Amino acid sequence: MQIVLSGALPEPPYASKLLPELEKAAPTLVRWLNQSQSTLQVLDSNQERCTALEYWQLQQAGFQPKPAQHSSAGLGVLWMQSQQNLTLAPEAAVWLGELVHISPSRDGAALIPAADLDISSEDSEALFNSSVAWFEGTGFSAEYVSAQCWRIHPPEDFHARTVSSALVSQSAVNHWWEQDTETRPWRRLVNELQMFWFNHPVNQQRSAEGKLPINSLWLQGGGCAAQFQSAHAAPYQLFTDLEDSLQQQDWSRWLEAWQLLEKNCFAPLQQQPPSVVLCGQSRLLSVNPQPAGFLRKLFASKKNDWKKQWSSL
């Protein structure tokens with residue numbers, strides 16, 4: 001069993017300054033890291049177009065992008081496979097329209113993904129049923145899948161460089177909103193839906209309840225199930241307790257989350273150090289226990305450089 005910690009790896013220069021505080025907040029984890037071998041991956045977000053966690057999950061599942069695809073193309077299949085009782089045709093491209101909130105911000109437009117919007121099945125179904133007619137004659141059609149996402153069926157020759165909503169939520173929509181000719185029909189459809197949803201009864205009720213309106217669909221995916229080569233990915237336990245405070249750069253709350261993880265997760269594990277994956281916004285630190293016995297003695301002379309990798313010094 002691997003432990004995966006999303007939001008655990010700050011970007012430089014914060015990482016080096018926070019390292020002494022981490023050693024105090026999570027001593028058990030630090031002991032594991034000191035007894036292990038580590039590997040750092042620095043991702044190009046513009047190339048992968050997904051978060052470090054999503055990239056790791058796609059790699060674990062064995063996703064193989066086609067030459068013209070980014071890693072983010074596999075997110076539609078990855079999400080669908082996480083749902084129960086869903087069967088995917090191996091060669092069928094999976095595109096998802098995620099219900100999101102987009103609003104103006106200092107740096108452009110900010111996106112809040114479905115996972116942070118508290119969307120009920122009733123709200124999603126009501127929006128879906130009233131919006132189906134808007135897809136007619138566009139070449140696109142929609143299929144209800146869940147409260148958070150609808151499956152989108154585009155024209156057969158449709159291509160798009162999609163990006164994950166989670167990555168967009170960490171920056172600005174303007175940086176990722178494609179303006180190419182090929183995706184113009186989709187952008188036109190989304191603009192029409194945005195206007196239709198502006199005063200939709202669902203959003204009026206959400207506003208009355210103090211919730212943000214659902215005012216856009218964010219397209220992602222494009223890959224197919226046949227591109228996933230790992231039939232039995234290794235199990236892992238994912239902790240997302242650190243994500244929000246890392247994104248907000250609220251380091252006091254971030255360290256408090258580490259203290260709770262130490263108390264509730266790390267300290268109770270009286271065992272050989274487990275494999276741990278620490279995910280940041282664009283970096284992955286994979287930590288694996290050193291071999292036991294004779295091989296461990298061979299590795300013992302090698303300096304463990306996880307602190308250097310953590311701080312990117």
# chains A, B, ... in the order shown; residues from 1 in each chain; ligands from 1
call {"tool": "select_by_dssp", "arguments": {"residues": "range 74-228 of chain A", "states": "strand (DSSP E)", "output": "VMD selection string"}}
result
chain A and resid 93 to 105 108 to 112 141 to 144 149 to 153 216 to 224
call {"tool": "residues_around", "arguments": {"residues": "range 237-251 of chain A", "least_positions_apart": "5", "cutoff": "8 Å", "atoms": "only C-alpha atoms", "output": "count of residues only"}}
result
12
call {"tool": "residues_around", "arguments": {"residues": "Ala109 in chain A", "least_positions_apart": "2", "cutoff": "12 Å", "atoms": "only C-alpha atoms", "output": "list in words"}}
result
His101, Ile102, Ser103, Pro104, Ser105, Arg106, Asp107, Leu111, Ile112, Val168, Ser169, Gln170, Ser171, Ala172, Val173, Asn174, His175, Trp176 and Trp177 of chain A
call {"tool": "write_last_selection", "arguments": {"atoms": "C-alpha atoms", "output": "PDB file, in the first residue's frame"}}
result
ATOM      1  CA  HIS A 101     -18.213  28.117 -11.515  1.00  0.00           C
ATOM      2  CA  ILE A 102     -16.197  30.791 -13.322  1.00  0.00           C
ATOM      3  CA  SER A 103     -15.901  34.308 -11.957  1.00  0.00           C
ATOM      4  CA  PRO A 104     -13.707  37.387 -12.457  1.00  0.00           C
ATOM      5  CA  SER A 105     -10.522  37.646 -10.407  1.00  0.00           C
ATOM      6  CA  ARG A 106      -7.467  39.899 -10.171  1.00  0.00           C
ATOM      7  CA  ASP A 107      -5.554  37.761 -12.666  1.00  0.00           C
ATOM      8  CA  LEU A 111     -12.505  28.506 -11.964  1.00  0.00           C
ATOM      9  CA  ILE A 112     -13.966  26.543  -9.078  1.00  0.00           C
ATOM     10  CA  VAL A 168      -7.065  25.596 -14.076  1.00  0.00           C
ATOM     11  CA  SER A 169      -8.334  26.248 -10.551  1.00  0.00           C
ATOM     12  CA  GLN A 170      -4.714  26.763  -9.460  1.00  0.00           C
ATOM     13  CA  SER A 171      -4.100  29.528 -12.010  1.00  0.00           C
ATOM     14  CA  ALA A 172      -6.448  31.434 -14.315  1.00  0.00           C
ATOM     15  CA  VAL A 173      -8.955  30.416 -16.987  1.00  0.00           C
ATOM     16  CA  ASN A 174      -7.487  32.944 -19.417  1.00  0.00           C
ATOM     17  CA  HIS A 175      -4.228  31.005 -19.553  1.00  0.00           C
ATOM     18  CA  TRP A 176      -5.964  27.808 -20.676  1.00  0.00           C
ATOM     19  CA  TRP A 177      -9.007  28.945 -22.691  1.00  0.00           C
TER      20      TRP A 177
END
call {"tool": "residues_around", "arguments": {"residues": "Trp79 in chain A", "least_positions_apart": "6", "cutoff": "10 Å", "atoms": "only C-alpha atoms", "output": "mmCIF file with all heavy atoms, in the first residue's frame"}}
result
data_model
loop_
_atom_site.group_PDB
_atom_site.id
_atom_site.type_symbol
_atom_site.label_atom_id
_atom_site.label_comp_id
_atom_site.auth_asym_id
_atom_site.auth_seq_id
_atom_site.Cartn_x
_atom_site.Cartn_y
_atom_site.Cartn_z
ATOM 1 N N VAL A 94 -13.444 9.426 -24.613
ATOM 2 C CA VAL A 94 -14.276 9.856 -23.486
ATOM 3 C C VAL A 94 -14.001 11.335 -23.201
ATOM 4 O O VAL A 94 -12.910 11.719 -22.781
ATOM 5 C CB VAL A 94 -13.998 9.020 -22.225
ATOM 6 C CG1 VAL A 94 -14.823 9.549 -21.046
ATOM 7 C CG2 VAL A 94 -14.308 7.556 -22.484
ATOM 8 N N LEU A 96 -15.569 14.697 -21.110
ATOM 9 C CA LEU A 96 -16.444 15.063 -20.004
ATOM 10 C C LEU A 96 -16.650 16.566 -19.970
ATOM 11 O O LEU A 96 -15.713 17.342 -20.190
ATOM 12 C CB LEU A 96 -15.845 14.612 -18.666
ATOM 13 C CG LEU A 96 -15.699 13.119 -18.416
ATOM 14 C CD1 LEU A 96 -15.061 12.889 -17.056
ATOM 15 C CD2 LEU A 96 -17.036 12.405 -18.519
ATOM 16 N N CYS A 149 -20.322 15.663 -13.481
ATOM 17 C CA CYS A 149 -19.884 15.605 -14.882
ATOM 18 C C CYS A 149 -20.943 14.995 -15.790
ATOM 19 O O CYS A 149 -21.648 14.058 -15.394
ATOM 20 C CB CYS A 149 -18.604 14.768 -15.008
ATOM 21 S SG CYS A 149 -17.150 15.497 -14.257
ATOM 22 N N GLY A 221 -10.619 15.587 -21.205
ATOM 23 C CA GLY A 221 -10.556 14.206 -21.670
ATOM 24 C C GLY A 221 -10.172 14.110 -23.129
ATOM 25 O O GLY A 221 -9.400 14.898 -23.649
#
call {"tool": "residues_around", "arguments": {"residues": "Arg151 in chain A", "least_positions_apart": "2", "cutoff": "7 Å", "atoms": "only C-alpha atoms", "output": "ChimeraX atom specification"}}
result
/A:95-97,142-145,149,153
call {"tool": "closest_residue", "arguments": {"among": "A:Pro213, A:Pro12, A:Gly139, A:Pro27", "to": "Arg188 in chain A", "atoms": "only C-alpha atoms"}}
result
A:Gly139
call {"tool": "select_by_dssp", "arguments": {"residues": "range 19-134 of chain A", "states": "alpha helix (DSSP H)", "output": "number ranges by chain"}}
result
A: 19-25, 27-34, 45-48, 52-60, 75-82, 121-134
call {"tool": "closest_residue", "arguments": {"among": "A:Thr181, A:Gln57, A:Trp32, A:Ser131", "to": "Leu269 in chain A", "atoms": "only C-alpha atoms"}}
result
A:Trp32
call {"tool": "residues_around", "arguments": {"residues": "Glu192 in chain A", "least_positions_apart": "4", "cutoff": "10 Å", "atoms": "only C-alpha atoms", "output": "list in words"}}
result
Ser131, Trp134, Phe135, Trp186, Arg187, Arg188, Phe196, Trp197 and Ser216 of chain A
call {"tool": "residues_around", "arguments": {"residues": "Asp305 in chain A", "least_positions_apart": "2", "cutoff": "12 Å", "atoms": "only C-alpha atoms", "output": "list of chain:residue names"}}
result
A:Leu33, A:Asn34, A:Gln35, A:Ser36, A:Gln37, A:Ser38, A:Thr39, A:Leu40, A:Leu285, A:Val287, A:Lys302, A:Lys303, A:Lys307, A:Lys308, A:Gln309, A:Trp310, A:Ser311, A:Ser312, A:Leu313
call {"tool": "closest_residue", "arguments": {"among": "A:Gln194, A:Leu9, A:Gly222, A:Ser130", "to": "Val277 in chain A", "atoms": "only C-alpha atoms"}}
result
A:Leu9
call {"tool": "closest_residue", "arguments": {"among": "A:Ser120, A:Thr183, A:Gln229, A:Gln148", "to": "Ser165 in chain A", "atoms": "only C-alpha atoms"}}
result
A:Gln148
call {"tool": "atom_distance", "arguments": {"atom1": "CA of Cys265 in chain A", "atom2": "CA of Leu75 in chain A"}}
result
28.4 Å
